[in-house]
file protein30.txt (compact mmCIF, C-alpha atoms)
# COMPACT_ATOMS: atom_id res chain seq x y z
CA MET E 1 0.00 0.00 0.00
CA SER E 2 1.38 3.39 -0.98
CA LYS E 3 0.19 6.98 -1.01
CA VAL E 4 -1.78 8.01 -4.08
CA PRO E 5 0.50 9.90 -6.50
CA LEU E 6 -0.60 13.38 -7.48
CA LEU E 7 -0.74 12.33 -11.14
CA TYR E 8 -2.82 9.18 -10.53
CA PRO E 9 -5.81 9.62 -12.90
CA ASP E 10 -8.46 8.36 -10.44
CA ARG E 11 -7.25 10.42 -7.51
CA ASN E 12 -10.48 12.43 -7.12
CA ILE E 13 -13.32 10.39 -5.65
CA CYS E 14 -16.98 11.08 -4.92
CA ILE E 15 -18.58 8.86 -2.25
CA MET E 16 -22.37 8.88 -2.32
CA GLY E 17 -23.81 8.32 1.14
CA LEU E 18 -21.96 8.99 4.39
CA GLY E 19 -23.54 6.45 6.67
CA TYR E 20 -21.39 3.87 8.41
CA VAL E 21 -19.98 2.35 5.20
CA GLY E 22 -19.46 5.60 3.32
CA LEU E 23 -17.92 7.70 6.08
CA THR E 24 -15.36 5.14 7.21
CA LEU E 25 -14.35 4.52 3.59
CA ALA E 26 -14.17 8.26 2.87
CA THR E 27 -11.94 8.82 5.90
CA VAL E 28 -9.55 6.01 5.02
CA MET E 29 -9.35 6.99 1.35
CA ALA E 30 -8.61 10.59 2.30
CA GLU E 31 -5.84 9.37 4.61
CA CYS E 32 -4.38 7.37 1.73
CA GLY E 33 -4.04 10.49 -0.38
CA PHE E 34 -7.26 10.52 -2.40
CA GLN E 35 -9.15 13.78 -2.70
CA VAL E 36 -12.63 12.80 -1.52
CA LEU E 37 -15.98 14.51 -1.92
CA GLY E 38 -18.55 12.98 0.43
CA VAL E 39 -22.21 13.50 -0.44
CA GLU E 40 -24.91 13.09 2.21
CA ILE E 41 -28.52 14.26 1.80
CA ARG E 42 -29.22 14.59 5.55
CA LYS E 43 -28.49 18.28 6.15
CA ASP E 44 -27.88 17.98 9.91
CA ILE E 45 -25.27 15.29 9.32
CA VAL E 46 -23.58 17.39 6.64
CA VAL E 47 -23.23 20.23 9.14
CA SER E 48 -21.74 17.99 11.83
CA LEU E 49 -19.35 16.28 9.39
CA GLN E 50 -18.12 19.62 8.07
CA LYS E 51 -17.07 20.32 11.67
CA GLY E 52 -15.29 16.97 11.83
CA GLU E 53 -17.94 15.41 14.08
CA ALA E 54 -19.04 11.85 13.23
CA HIS E 55 -22.70 10.98 13.74
CA PHE E 56 -22.00 7.46 15.03
CA TYR E 57 -19.48 5.75 17.25
CA GLU E 58 -16.49 3.97 15.73
CA PRO E 59 -13.22 3.58 17.64
CA GLY E 60 -10.63 6.06 16.37
CA LEU E 61 -12.93 7.70 13.83
CA SER E 62 -13.42 11.07 15.51
CA ALA E 63 -9.77 12.14 15.53
CA ARG E 64 -9.07 10.81 12.06
CA LEU E 65 -12.17 12.43 10.59
CA LYS E 66 -11.25 15.79 12.11
CA ASN E 67 -7.81 15.53 10.54
CA VAL E 68 -8.94 14.81 6.97
CA ILE E 69 -11.62 17.50 7.21
CA LYS E 70 -9.08 20.02 8.53
CA THR E 71 -6.58 19.25 5.77
CA GLY E 72 -9.28 19.46 3.10
CA ARG E 73 -8.70 15.93 1.81
CA LEU E 74 -12.34 15.17 2.65
CA GLN E 75 -15.06 17.66 1.81
CA VAL E 76 -18.72 17.09 2.64
CA THR E 77 -21.72 18.46 0.75
CA ALA E 78 -25.42 17.70 0.32
CA SER E 79 -25.13 17.17 -3.44
CA ILE E 80 -22.55 16.74 -6.17
CA ALA E 81 -21.20 20.11 -7.11
CA ASP E 82 -21.27 21.02 -10.80
CA SER E 83 -17.57 21.80 -10.46
CA PHE E 84 -16.69 18.25 -9.38
CA ALA E 85 -14.04 17.06 -11.82
CA GLY E 86 -13.31 13.64 -10.34
CA SER E 87 -13.47 10.40 -12.29
CA VAL E 88 -14.78 7.91 -9.69
CA PHE E 89 -18.17 7.61 -8.00
CA ILE E 90 -18.62 5.11 -5.14
CA ILE E 91 -22.21 4.36 -4.07
CA THR E 92 -22.66 3.34 -0.43
CA VAL E 93 -26.31 4.16 0.35
CA GLY E 94 -28.47 1.85 2.44
CA THR E 95 -30.76 -0.90 1.16
CA PRO E 96 -33.25 -1.60 3.97
CA LEU E 97 -36.18 -3.98 3.76
CA ASP E 98 -39.71 -2.68 3.27
CA GLU E 99 -42.75 -3.68 5.33
CA LYS E 100 -43.14 -6.83 3.18
CA GLY E 101 -39.55 -7.93 3.76
CA LYS E 102 -38.42 -6.99 0.25
CA VAL E 103 -35.26 -5.01 -0.36
CA ARG E 104 -35.73 -1.32 -1.10
CA LEU E 105 -33.64 -0.09 -3.99
CA ASP E 106 -35.15 3.37 -4.33
CA MET E 107 -32.15 5.03 -2.65
CA VAL E 108 -29.77 3.23 -5.01
CA GLU E 109 -31.85 4.32 -8.00
CA ASN E 110 -32.04 7.94 -6.81
CA VAL E 111 -28.29 8.14 -6.26
CA CYS E 112 -27.57 6.55 -9.64
CA ARG E 113 -29.70 9.19 -11.31
CA GLU E 114 -27.77 11.92 -9.50
CA VAL E 115 -24.48 10.33 -10.56
CA ALA E 116 -25.78 10.11 -14.12
CA LEU E 117 -26.26 13.89 -14.18
CA HIS E 118 -22.53 14.32 -13.52
CA LEU E 119 -21.15 11.28 -15.36
CA LYS E 120 -18.40 12.04 -17.84
CA GLU E 121 -16.75 9.98 -20.53
CA ASN E 122 -14.77 7.05 -19.07
CA ASP E 123 -15.72 7.68 -15.43
CA LEU E 124 -15.70 4.71 -13.03
CA VAL E 125 -18.76 3.88 -10.92
CA ILE E 126 -18.37 1.44 -8.03
CA MET E 127 -21.36 -0.09 -6.24
CA ARG E 128 -20.61 -0.85 -2.58
CA SER E 129 -24.14 -1.07 -1.18
CA THR E 130 -25.47 -4.53 -0.41
CA VAL E 131 -28.00 -5.27 -3.15
CA LYS E 132 -30.27 -7.92 -4.56
CA LEU E 133 -28.45 -10.10 -7.09
CA GLU E 134 -28.17 -8.55 -10.57
CA THR E 135 -28.98 -5.04 -9.30
CA THR E 136 -25.67 -3.61 -10.48
CA ARG E 137 -26.14 -4.92 -14.02
CA LYS E 138 -29.88 -4.54 -14.47
CA ILE E 139 -30.62 -1.34 -12.54
CA VAL E 140 -27.42 0.65 -12.01
CA ARG E 141 -26.04 -0.06 -15.49
CA ALA E 142 -29.39 0.69 -17.14
CA ILE E 143 -29.69 4.10 -15.45
CA LEU E 144 -26.11 5.08 -16.29
CA GLU E 145 -26.46 3.96 -19.91
CA GLU E 146 -29.18 6.56 -20.39
CA THR E 147 -26.37 9.15 -20.41
CA ARG E 148 -24.98 7.64 -23.63
CA VAL E 149 -21.40 8.08 -22.41
CA ASP E 150 -18.88 5.29 -21.99
CA PHE E 151 -18.16 4.38 -18.37
CA ASP E 152 -16.65 1.61 -16.25
CA LEU E 153 -18.77 -0.18 -13.66
CA ALA E 154 -17.80 -2.52 -10.83
CA PHE E 155 -19.25 -4.06 -7.69
CA CYS E 156 -16.90 -4.05 -4.69
CA PRO E 157 -18.74 -5.08 -1.49
CA GLU E 158 -18.14 -3.53 1.89
CA ARG E 159 -16.71 -6.20 4.21
CA SER E 160 -15.57 -4.46 7.39
CA LEU E 161 -16.89 -5.14 10.87
CA GLU E 162 -18.42 -2.34 12.90
CA GLY E 163 -15.98 -1.51 15.65
CA LYS E 164 -13.02 -2.52 13.47
CA ALA E 165 -13.82 -0.76 10.21
CA LEU E 166 -10.83 1.58 10.04
CA GLN E 167 -8.47 -1.28 10.74
CA GLU E 168 -10.12 -3.80 8.43
CA LEU E 169 -10.39 -1.41 5.50
CA ARG E 170 -6.59 -1.36 5.50
CA SER E 171 -6.11 -5.11 5.97
CA LEU E 172 -8.96 -7.23 4.62
CA PRO E 173 -8.92 -8.34 0.96
CA GLN E 174 -11.29 -6.33 -1.23
CA ILE E 175 -13.54 -8.21 -3.64
CA VAL E 176 -13.82 -6.69 -7.13
CA GLY E 177 -16.19 -7.74 -9.89
CA GLY E 178 -16.34 -5.64 -13.05
CA LEU E 179 -18.73 -5.18 -15.93
CA THR E 180 -15.67 -5.68 -18.14
CA PRO E 181 -12.15 -6.96 -17.43
CA GLY E 182 -10.89 -3.40 -17.81
CA ALA E 183 -13.36 -2.09 -15.23
CA ALA E 184 -12.31 -4.81 -12.76
CA ILE E 185 -8.61 -4.00 -13.21
CA ARG E 186 -9.27 -0.28 -12.78
CA ALA E 187 -11.29 -0.79 -9.58
CA ALA E 188 -8.70 -3.27 -8.27
CA HIS E 189 -5.92 -0.74 -8.83
CA LEU E 190 -7.89 1.85 -6.87
CA PHE E 191 -8.34 -0.41 -3.83
CA LEU E 192 -4.70 -1.51 -3.87
CA PHE E 193 -3.84 1.93 -2.50
CA ILE E 194 -5.91 0.99 0.57
CA THR E 195 -5.37 -2.70 1.18
CA PRO E 196 -2.53 -5.11 0.27
CA THR E 197 -4.83 -7.70 -1.28
CA VAL E 198 -7.54 -7.44 -3.93
CA ILE E 199 -9.46 -10.49 -5.13
CA LYS E 200 -10.75 -10.04 -8.66
CA VAL E 201 -13.73 -12.28 -9.46
CA SER E 202 -15.37 -13.20 -12.75
CA ASP E 203 -18.23 -10.70 -12.81
CA MET E 204 -20.37 -8.34 -10.77
CA GLU E 205 -22.91 -11.02 -9.85
CA THR E 206 -20.18 -13.13 -8.25
CA ALA E 207 -19.10 -10.15 -6.16
CA GLU E 208 -22.71 -9.42 -5.17
CA MET E 209 -23.17 -13.08 -4.23
CA ILE E 210 -20.04 -13.16 -2.06
CA LYS E 211 -21.35 -10.33 0.10
CA LEU E 212 -24.73 -11.98 0.63
CA ILE E 213 -23.29 -15.44 1.24
CA ASP E 214 -20.75 -14.15 3.74
CA ASN E 215 -23.48 -12.66 5.90
CA ALA E 216 -26.00 -15.46 5.39
CA GLN E 217 -23.49 -18.09 6.50
CA ARG E 218 -22.78 -16.10 9.69
CA ASP E 219 -26.51 -15.96 10.34
CA VAL E 220 -26.69 -19.75 9.93
CA PHE E 221 -23.68 -20.18 12.23
CA PHE E 222 -25.30 -18.14 14.99
CA ALA E 223 -28.70 -19.73 14.41
CA TYR E 224 -27.30 -23.17 15.12
CA ALA E 225 -25.90 -21.89 18.41
CA ASN E 226 -29.40 -20.63 19.23
CA GLU E 227 -30.84 -24.01 18.31
CA VAL E 228 -28.32 -25.62 20.66
CA ALA E 229 -29.70 -23.32 23.39
CA ARG E 230 -33.20 -24.60 22.67
CA LEU E 231 -32.02 -28.21 22.75
CA CYS E 232 -30.13 -27.77 26.01
CA ASP E 233 -33.12 -26.13 27.69
CA VAL E 234 -35.29 -29.08 26.73
CA ILE E 235 -32.71 -31.66 27.85
CA GLY E 236 -31.88 -29.80 31.04
CA VAL E 237 -28.18 -29.08 30.56
CA SER E 238 -26.25 -25.84 30.09
CA ALA E 239 -25.68 -24.67 26.52
CA ALA E 240 -22.79 -22.51 27.73
CA GLU E 241 -21.04 -25.52 29.21
CA VAL E 242 -21.79 -27.74 26.22
CA ILE E 243 -20.32 -25.18 23.81
CA GLN E 244 -17.34 -24.13 25.92
CA ALA E 245 -16.30 -27.67 26.77
CA GLY E 246 -16.93 -28.90 23.22
CA ASN E 247 -14.78 -26.13 21.73
CA LEU E 248 -11.88 -26.46 24.15
CA ALA E 249 -8.73 -27.71 22.39
CA TYR E 250 -10.87 -29.36 19.71
CA PRO E 251 -10.11 -27.76 16.32
CA ARG E 252 -13.22 -29.07 14.57
CA SER E 253 -15.65 -27.25 16.87
CA ARG E 254 -15.95 -23.47 16.75
CA LEU E 255 -19.56 -22.97 17.82
CA PRO E 256 -20.25 -19.50 19.26
CA GLN E 257 -22.28 -18.81 22.36
CA PRO E 258 -26.01 -18.36 21.69
CA GLY E 259 -27.50 -14.90 21.80
CA PRO E 260 -29.62 -12.36 19.90
CA VAL E 261 -28.64 -12.05 16.22
CA GLY E 262 -29.46 -8.86 14.36
CA GLY E 263 -27.80 -5.74 13.07
CA PRO E 264 -27.88 -3.80 9.80
CA CYS E 265 -26.54 -6.76 7.80
CA LEU E 266 -27.57 -10.08 9.31
CA GLU E 267 -31.18 -9.08 9.86
CA LYS E 268 -31.67 -8.29 6.17
CA ASP E 269 -29.00 -9.85 3.93
CA PRO E 270 -30.37 -13.42 4.12
CA HIS E 271 -33.73 -12.01 2.99
CA ILE E 272 -32.06 -10.11 0.13
CA LEU E 273 -30.31 -13.31 -0.96
CA ALA E 274 -33.53 -15.31 -0.72
CA GLU E 275 -35.56 -12.75 -2.65
CA LYS E 276 -33.70 -13.34 -5.90
CA VAL E 277 -33.33 -17.11 -5.71
CA LEU E 278 -37.03 -17.46 -4.85
CA GLU E 279 -37.80 -15.61 -8.09
CA LEU E 280 -35.73 -18.28 -9.85
CA GLY E 281 -37.73 -21.11 -8.27
CA LEU E 282 -35.33 -22.22 -5.54
CA TRP E 283 -36.29 -22.29 -1.85
CA PRO E 284 -33.13 -21.55 0.21
CA GLU E 285 -34.08 -23.85 3.09
CA ILE E 286 -31.12 -23.47 5.41
CA THR E 287 -30.80 -19.73 4.89
CA LEU E 288 -34.46 -19.02 5.67
CA ALA E 289 -34.68 -21.56 8.49
CA ALA E 290 -31.69 -19.94 10.20
CA ARG E 291 -33.18 -16.45 9.86
CA LYS E 292 -36.50 -17.73 11.23
CA THR E 293 -34.74 -19.25 14.24
CA ASN E 294 -33.01 -15.98 15.04
CA GLU E 295 -36.11 -13.87 14.47
CA GLU E 296 -38.31 -16.07 16.68
CA GLN E 297 -35.94 -16.02 19.66
CA PRO E 298 -37.21 -12.79 21.32
CA GLU E 299 -40.84 -13.91 21.50
CA GLU E 300 -39.87 -17.42 22.63
CA VAL E 301 -37.71 -16.11 25.46
CA ILE E 302 -40.05 -13.35 26.65
CA SER E 303 -43.07 -15.63 26.57
CA TYR E 304 -41.13 -18.09 28.72
CA LEU E 305 -39.96 -15.32 31.06
CA HIS E 306 -43.53 -14.14 31.52
CA ARG E 307 -44.57 -17.62 32.64
CA VAL E 308 -41.62 -17.82 35.03
CA CYS E 309 -42.23 -14.39 36.54
CA SER E 310 -45.94 -15.08 36.90
CA GLY E 311 -45.00 -17.92 39.24
CA PHE E 312 -43.13 -15.64 41.65
CA ALA E 313 -45.01 -14.63 44.77
CA SER E 314 -45.57 -10.87 44.88
CA PHE E 315 -44.19 -10.22 41.38
CA PRO E 316 -45.89 -6.91 40.49
CA GLU E 317 -48.46 -6.62 37.75
CA CYS E 318 -46.67 -3.49 36.51
CA PRO E 319 -42.98 -4.33 37.01
CA GLN E 320 -39.93 -2.15 36.49
CA ILE E 321 -37.97 -3.66 33.59
CA SER E 322 -34.47 -2.59 32.54
CA LEU E 323 -32.83 -3.48 29.23
CA LEU E 324 -29.03 -3.56 29.25
CA GLY E 325 -27.26 -3.30 25.89
CA LEU E 326 -29.42 -1.77 23.16
CA ALA E 327 -26.92 -1.63 20.31
CA PHE E 328 -27.10 -4.65 18.02
CA LYS E 329 -23.80 -5.93 19.43
CA GLY E 330 -21.35 -5.14 22.17
CA GLN E 331 -18.11 -6.59 20.79
CA PRO E 332 -16.58 -4.70 19.12
CA PRO E 333 -18.58 -1.88 20.72
CA THR E 334 -20.95 0.18 18.61
CA ASP E 335 -23.87 2.56 19.12
CA ASP E 336 -25.68 1.23 16.04
CA LEU E 337 -29.36 0.52 16.75
CA ARG E 338 -30.18 -0.61 13.22
CA GLY E 339 -31.61 -4.11 13.25
CA THR E 340 -30.99 -4.51 16.96
CA MET E 341 -32.80 -7.42 18.57
CA ALA E 342 -33.53 -5.13 21.52
CA ARG E 343 -36.44 -3.83 19.42
CA PRO E 344 -38.35 -7.14 19.05
CA VAL E 345 -37.44 -7.98 22.67
CA LEU E 346 -39.02 -4.71 23.81
CA ASN E 347 -42.06 -5.29 21.60
CA SER E 348 -42.55 -8.72 23.12
CA LEU E 349 -42.08 -7.41 26.65
CA GLN E 350 -44.70 -4.73 26.03
CA LYS E 351 -47.11 -7.44 24.86
CA HIS E 352 -46.58 -9.75 27.83
CA PHE E 353 -46.09 -7.03 30.47
CA PRO E 354 -48.43 -4.35 29.10
CA CYS E 355 -48.29 -1.96 32.08
CA ALA E 356 -44.58 -2.38 32.82
CA HIS E 357 -42.22 0.60 33.13
CA PHE E 358 -39.18 0.34 30.88
CA ARG E 359 -35.66 1.72 31.29
CA GLY E 360 -32.54 1.25 29.20
CA PHE E 361 -28.78 1.42 29.57
CA ASP E 362 -26.04 0.97 27.00
CA PRO E 363 -22.33 1.73 27.51
CA VAL E 364 -22.09 3.38 24.06
CA VAL E 365 -25.56 4.52 22.96
CA ARG E 366 -26.29 8.10 23.99
CA ALA E 367 -29.21 9.01 26.22
CA GLU E 368 -31.13 10.61 23.35
CA GLY E 369 -30.86 7.38 21.37
CA ILE E 370 -32.20 5.37 24.30
CA GLU E 371 -35.03 7.84 24.78
CA ALA E 372 -35.90 7.70 21.08
CA PHE E 373 -35.99 3.92 21.46
CA GLY E 374 -38.91 4.38 23.85
CA LEU E 375 -37.05 3.84 27.12
CA ILE E 376 -36.17 5.98 30.10
CA PRO E 377 -32.38 6.32 29.81
CA CYS E 378 -30.19 5.25 32.72
CA ILE E 379 -26.84 6.93 33.27
CA ASN E 380 -25.10 3.82 34.62
CA LEU E 381 -25.65 0.22 35.73
CA GLU E 382 -26.61 1.27 39.25
CA ASP E 383 -29.35 3.49 37.86
CA ALA E 384 -30.62 0.64 35.67
CA MET E 385 -30.64 -1.86 38.54
CA ARG E 386 -32.22 0.30 41.21
CA GLY E 387 -35.74 -0.91 41.97
CA ALA E 388 -36.01 -3.15 38.89
CA ASN E 389 -37.98 -6.40 38.93
CA LEU E 390 -36.62 -7.76 35.66
CA ILE E 391 -33.21 -7.14 34.09
CA LEU E 392 -32.37 -8.33 30.59
CA ILE E 393 -28.77 -8.37 29.32
CA LEU E 394 -29.24 -8.06 25.56
CA ASN E 395 -25.80 -7.59 24.03
CA ASN E 396 -22.29 -8.82 24.72
CA HIS E 397 -20.56 -5.60 25.71
CA PRO E 398 -17.66 -6.42 28.10
CA ARG E 399 -19.11 -4.06 30.70
CA PHE E 400 -21.81 -6.62 31.44
CA ALA E 401 -19.47 -9.59 31.73
CA HIS E 402 -17.29 -7.65 34.18
CA MET E 403 -19.99 -5.99 36.26
CA GLN E 404 -20.17 -6.72 39.99
CA ILE E 405 -23.48 -8.52 39.64
CA GLU E 406 -23.71 -9.64 43.27
CA ASN E 407 -23.26 -6.09 44.59
CA LEU E 408 -25.47 -4.52 41.94
CA SER E 409 -28.26 -7.01 42.61
CA GLU E 410 -28.64 -5.51 46.10
CA LEU E 411 -30.25 -2.53 44.34
CA LEU E 412 -33.01 -4.62 42.75
CA ALA E 413 -36.59 -4.84 43.97
CA ARG E 414 -37.82 -8.06 45.56
CA PRO E 415 -38.56 -10.36 43.86
CA ALA E 416 -36.39 -9.77 40.82
CA LEU E 417 -34.85 -11.81 38.02
CA ILE E 418 -31.78 -11.13 35.89
CA TYR E 419 -32.06 -12.77 32.47
CA ASP E 420 -28.76 -13.00 30.60
CA PHE E 421 -28.89 -13.68 26.86
CA TRP E 422 -25.08 -14.03 26.84
CA ASN E 423 -24.26 -16.41 29.71
CA ASN E 424 -21.85 -13.99 31.34
CA PHE E 425 -22.11 -15.80 34.67
CA VAL E 426 -22.62 -19.31 36.06
CA ALA E 427 -25.76 -19.29 38.17
CA LYS E 428 -24.63 -21.80 40.78
CA GLU E 429 -21.44 -19.80 41.43
CA LEU E 430 -23.31 -16.58 42.22
CA HIS E 431 -24.13 -15.46 45.75
CA LEU E 432 -27.19 -13.36 45.19
CA PRO E 433 -29.35 -11.75 47.86
CA SER E 434 -32.55 -13.45 48.92
CA GLY E 435 -35.36 -12.80 46.45
CA ILE E 436 -33.03 -12.30 43.46
CA GLY E 437 -32.68 -14.84 40.66
CA TYR E 438 -30.39 -15.32 37.67
CA MET E 439 -31.15 -17.21 34.46
CA ALA E 440 -29.23 -17.47 31.16
CA LEU E 441 -30.22 -18.40 27.62
CA GLY E 442 -29.79 -22.12 27.00
CA SER E 443 -29.15 -22.78 30.67
CA HIS E 444 -32.68 -22.46 32.05
CA SER E 445 -32.42 -25.65 34.08
CA ARG E 446 -29.40 -24.26 35.94
CA ALA E 447 -31.17 -21.04 36.95
CA VAL E 448 -31.20 -19.66 40.48
CA LEU E 449 -34.72 -18.41 41.09
CA PRO E 450 -35.95 -15.91 43.71
call {"tool": "encode", "arguments": {"input": "protein30.txt", "output": "structure tokens"}}
result
Amino acid sequence: MSKVPLLYPDRNICIMGLGYVGLTLATVMAECGFQVLGVEIRKDIVVSLQKGEAHFYEPGLSARLKNVIKTGRLQVTASIADSFAGSVFIITVGTPLDEKGKVRLDMVENVCREVALHLKENDLVIMRSTVKLETTRKIVRAILEETRVDFDLAFCPERSLEGKALQELRSLPQIVGGLTPGAAIRAAHLFLFITPTVIKVSDMETAEMIKLIDNAQRDVFFAYANEVARLCDVIGVSAAEVIQAGNLAYPRSRLPQPGPVGGPCLEKDPHILAEKVLELGLWPEITLAARKTNEEQPEEVISYLHRVCSGFASFPECPQISLLGLAFKGQPPTDDLRGTMARPVLNSLQKHFPCAHFRGFDPVVRAEGIEAFGLIPCINLEDAMRGANLILILNNHPRFAHMQIENLSELLARPALIYDFWNNFVAKELHLPSGIGYMALGSHSRAVLP
């Protein structure tokens, strides 16, 4: 990896969409020596970015963003300026699911039309958004061809992990699939200034497929861990012990701990993959079964918890319930609430405990984000524990694994139950006050009840 030479022809880049994918990429490319124009339609975010203030949490991003903004290597606007003379457009806008579970491509189409207004002869357009198979060829290409100018087109999927994006953009291999061999080589050359390895694949569809398969297989991987939790609860053993002992020094077992599975990718990418293959007459059994397993977990657990709590003497009809860990994951830490399983958990809690009072705490998510989620924000763990009847640990942030649960539980109401989706503790090893219980996902039979 080397700094971009001043005479490199594709040195000026326009990145369309400055969400998580676009802003981290824009920052890293600016650091590598590219001159980057970032375009974001949300005016409030444009204002904050122009000040060097990121609108989401990512370790190390704030200082690095301030630097590239200060030096002018990254400029942020709400639209492509007519004076933009760059030769590369990278599209990173979101592709959420609609109310029917189908992928929305309207943002991709809108951005492509804006790019088309500024497209010049021999410009390079790179799709980086996660899309339904054949979108780059059949939708993006078709819109750009209306300009009647020659251009290069490639699909290069985003692959970095939230919490490690700045590091992984500089280290992970980049996948490149081009409309033509020349487009693939040109896009590959561009990314070689960022990362030491580029993997050039046969076509854009292969690159699109790699992105979807990568995330779908992770969803399947986690779903099987959640099925193990179900099995262990039925048998009466601990899923945590089964998995930990089975993995120990045994290279053919790498099963993760069970837990809620969501986020901006895993909650939608299996559906995006399935949407296209279903149109072609194939039912992706494992992919959809895994997603169903992960989506059903919140209602299964909360329904069970309601039955358990109903059996406690003096458990209030309108309990105080605190949710710990609202971001979709805790390791690496993030404040991203997109696709978080805390949402369906809360919905299920509100159904089964309709007059409950709800509070929330997250080590990274700001108070305004928690409040917008529909919860009373807590400033710390003590605040979340105080007077609560039911505590749910929803993500795997290290703060929860390392908390002094025995001391904190003194603050709880009586009776009270701590439900841990992540098996941070072993119930039988805890010394909890009278009237306080602890239960973990997949280890229900080992619970200590009030």
call {"tool": "residues_around", "arguments": {"input": "protein30.txt", "residues": "Tyr304 of chain E", "least_positions_apart": "4", "cutoff": "12 Å", "atoms": "all atoms listed in the file", "output": "JSON list (two decimals) with C-alpha atoms, in the coordinates of the input"}}
result
[["chain", "number", "residue", "atom", "x", "y", "z"],
["E", 230, "ARG", "CA", -33.20, -24.60, 22.67],
["E", 233, "ASP", "CA", -33.12, -26.13, 27.69],
["E", 297, "GLN", "CA", -35.94, -16.02, 19.66],
["E", 298, "PRO", "CA", -37.21, -12.79, 21.32],
["E", 299, "GLU", "CA", -40.84, -13.91, 21.50],
["E", 300, "GLU", "CA", -39.87, -17.42, 22.63],
["E", 308, "VAL", "CA", -41.62, -17.82, 35.03],
["E", 309, "CYS", "CA", -42.23, -14.39, 36.54],
["E", 310, "SER", "CA", -45.94, -15.08, 36.90],
["E", 311, "GLY", "CA", -45.00, -17.92, 39.24],
["E", 348, "SER", "CA", -42.55, -8.72, 23.12],
["E", 349, "LEU", "CA", -42.08, -7.41, 26.65],
["E", 352, "HIS", "CA", -46.58, -9.75, 27.83],
["E", 419, "TYR", "CA", -32.06, -12.77, 32.47],
["E", 439, "MET", "CA", -31.15, -17.21, 34.46],
["E", 441, "LEU", "CA", -30.22, -18.40, 27.62],
["E", 444, "HIS", "CA", -32.68, -22.46, 32.05]]
call {"tool": "residues_around", "arguments": {"input": "protein30.txt", "residues": "Gln35 of chain E", "least_positions_apart": "4", "cutoff": "8 Å", "atoms": "all atoms listed in the file", "output": "ChimeraX atom specification"}}
result
/E:11-13,29-30,73-74
call {"tool": "atom_distance", "arguments": {"input": "protein30.txt", "atom1": "atom CA of Thr334 of chain E", "atom2": "atom CA of Leu97 of chain E"}}
result
21.7 Å
call {"tool": "residues_near_point", "arguments": {"input": "protein30.txt", "point": "(-45.2, -0.5, 33.8)", "cutoff": "12 Å", "atoms": "only C-alpha atoms", "output": "PyMOL selection string"}}
result
chain E and resi 316-322+349-359+375-376+388-390
call {"tool": "closest_residue", "arguments": {"input": "protein30.txt", "among": "E:Pro96, E:Pro284, E:Gly17, E:Gly442", "to": "Val228 of chain E", "atoms": "all atoms listed in the file"}}
result
E:Gly442
call {"tool": "residues_around", "arguments": {"input": "protein30.txt", "residues": "Thr77 of chain E", "least_positions_apart": "5", "cutoff": "9 Å", "atoms": "all atoms listed in the file", "output": "MDAnalysis selection string"}}
result
chainID E and resid 37:41 43 46:47 50
call {"tool": "residues_around", "arguments": {"input": "protein30.txt", "residues": "segment 145-154 of chain E", "least_positions_apart": "4", "cutoff": "7 Å", "atoms": "all atoms listed in the file", "output": "list in words"}}
result
Ala116, Lys120, Glu121, Asn122, Asp123, Leu124, Val125, Ile126, Met127, Arg141, Val176, Gly177, Gly178, Leu179, Ala183, Ala184, Ala187 and Met204 of chain E
call {"tool": "atom_distance", "arguments": {"input": "protein30.txt", "atom1": "atom CA of Gln404 of chain E", "atom2": "atom CA of Asn424 of chain E"}}
result
11.4 Å
call {"tool": "residues_around", "arguments": {"input": "protein30.txt", "residues": "Ile243 of chain E", "least_positions_apart": "4", "cutoff": "12 Å", "atoms": "all atoms listed in the file", "output": "number ranges by chain"}}
result
E: 224-229, 232, 237-239, 247-250, 253-258, 423, 442-443
call {"tool": "closest_residue", "arguments": {"input": "protein30.txt", "among": "E:Leu411, E:Cys265, E:Ile370, E:Ala416", "to": "Ile213 of chain E", "atoms": "only C-alpha atoms"}}
result
E:Cys265
call {"tool": "closest_residue", "arguments": {"input": "protein30.txt", "among": "E:Ala289, E:Arg307, E:Leu212, E:Arg170", "to": "Leu192 of chain E", "atoms": "all atoms listed in the file"}}
result
E:Arg170
call {"tool": "decode", "arguments": {"input": "protein30.txt", "residues": "segment 73-88 of chain E", "atoms": "C-alpha atoms", "output": "PDB file, in the first residue's frame"}}
result
ATOM      1  CA  ARG E  73      -8.700  15.930   1.813  1.00  0.00           C
ATOM      2  CA  LEU E  74     -12.340  15.168   2.651  1.00  0.00           C
ATOM      3  CA  GLN E  75     -15.055  17.657   1.806  1.00  0.00           C
ATOM      4  CA  VAL E  76     -18.720  17.089   2.635  1.00  0.00           C
ATOM      5  CA  THR E  77     -21.718  18.457   0.747  1.00  0.00           C
ATOM      6  CA  ALA E  78     -25.416  17.696   0.320  1.00  0.00           C
ATOM      7  CA  SER E  79     -25.129  17.166  -3.442  1.00  0.00           C
ATOM      8  CA  ILE E  80     -22.553  16.744  -6.167  1.00  0.00           C
ATOM      9  CA  ALA E  81     -21.202  20.114  -7.111  1.00  0.00           C
ATOM     10  CA  ASP E  82     -21.266  21.022 -10.800  1.00  0.00           C
ATOM     11  CA  SER E  83     -17.573  21.803 -10.465  1.00  0.00           C
ATOM     12  CA  PHE E  84     -16.691  18.246  -9.378  1.00  0.00           C
ATOM     13  CA  ALA E  85     -14.041  17.061 -11.823  1.00  0.00           C
ATOM     14  CA  GLY E  86     -13.310  13.636 -10.340  1.00  0.00           C
ATOM     15  CA  SER E  87     -13.467  10.400 -12.290  1.00  0.00           C
ATOM     16  CA  VAL E  88     -14.779   7.913  -9.688  1.00  0.00           C
TER      17      VAL E  88
END
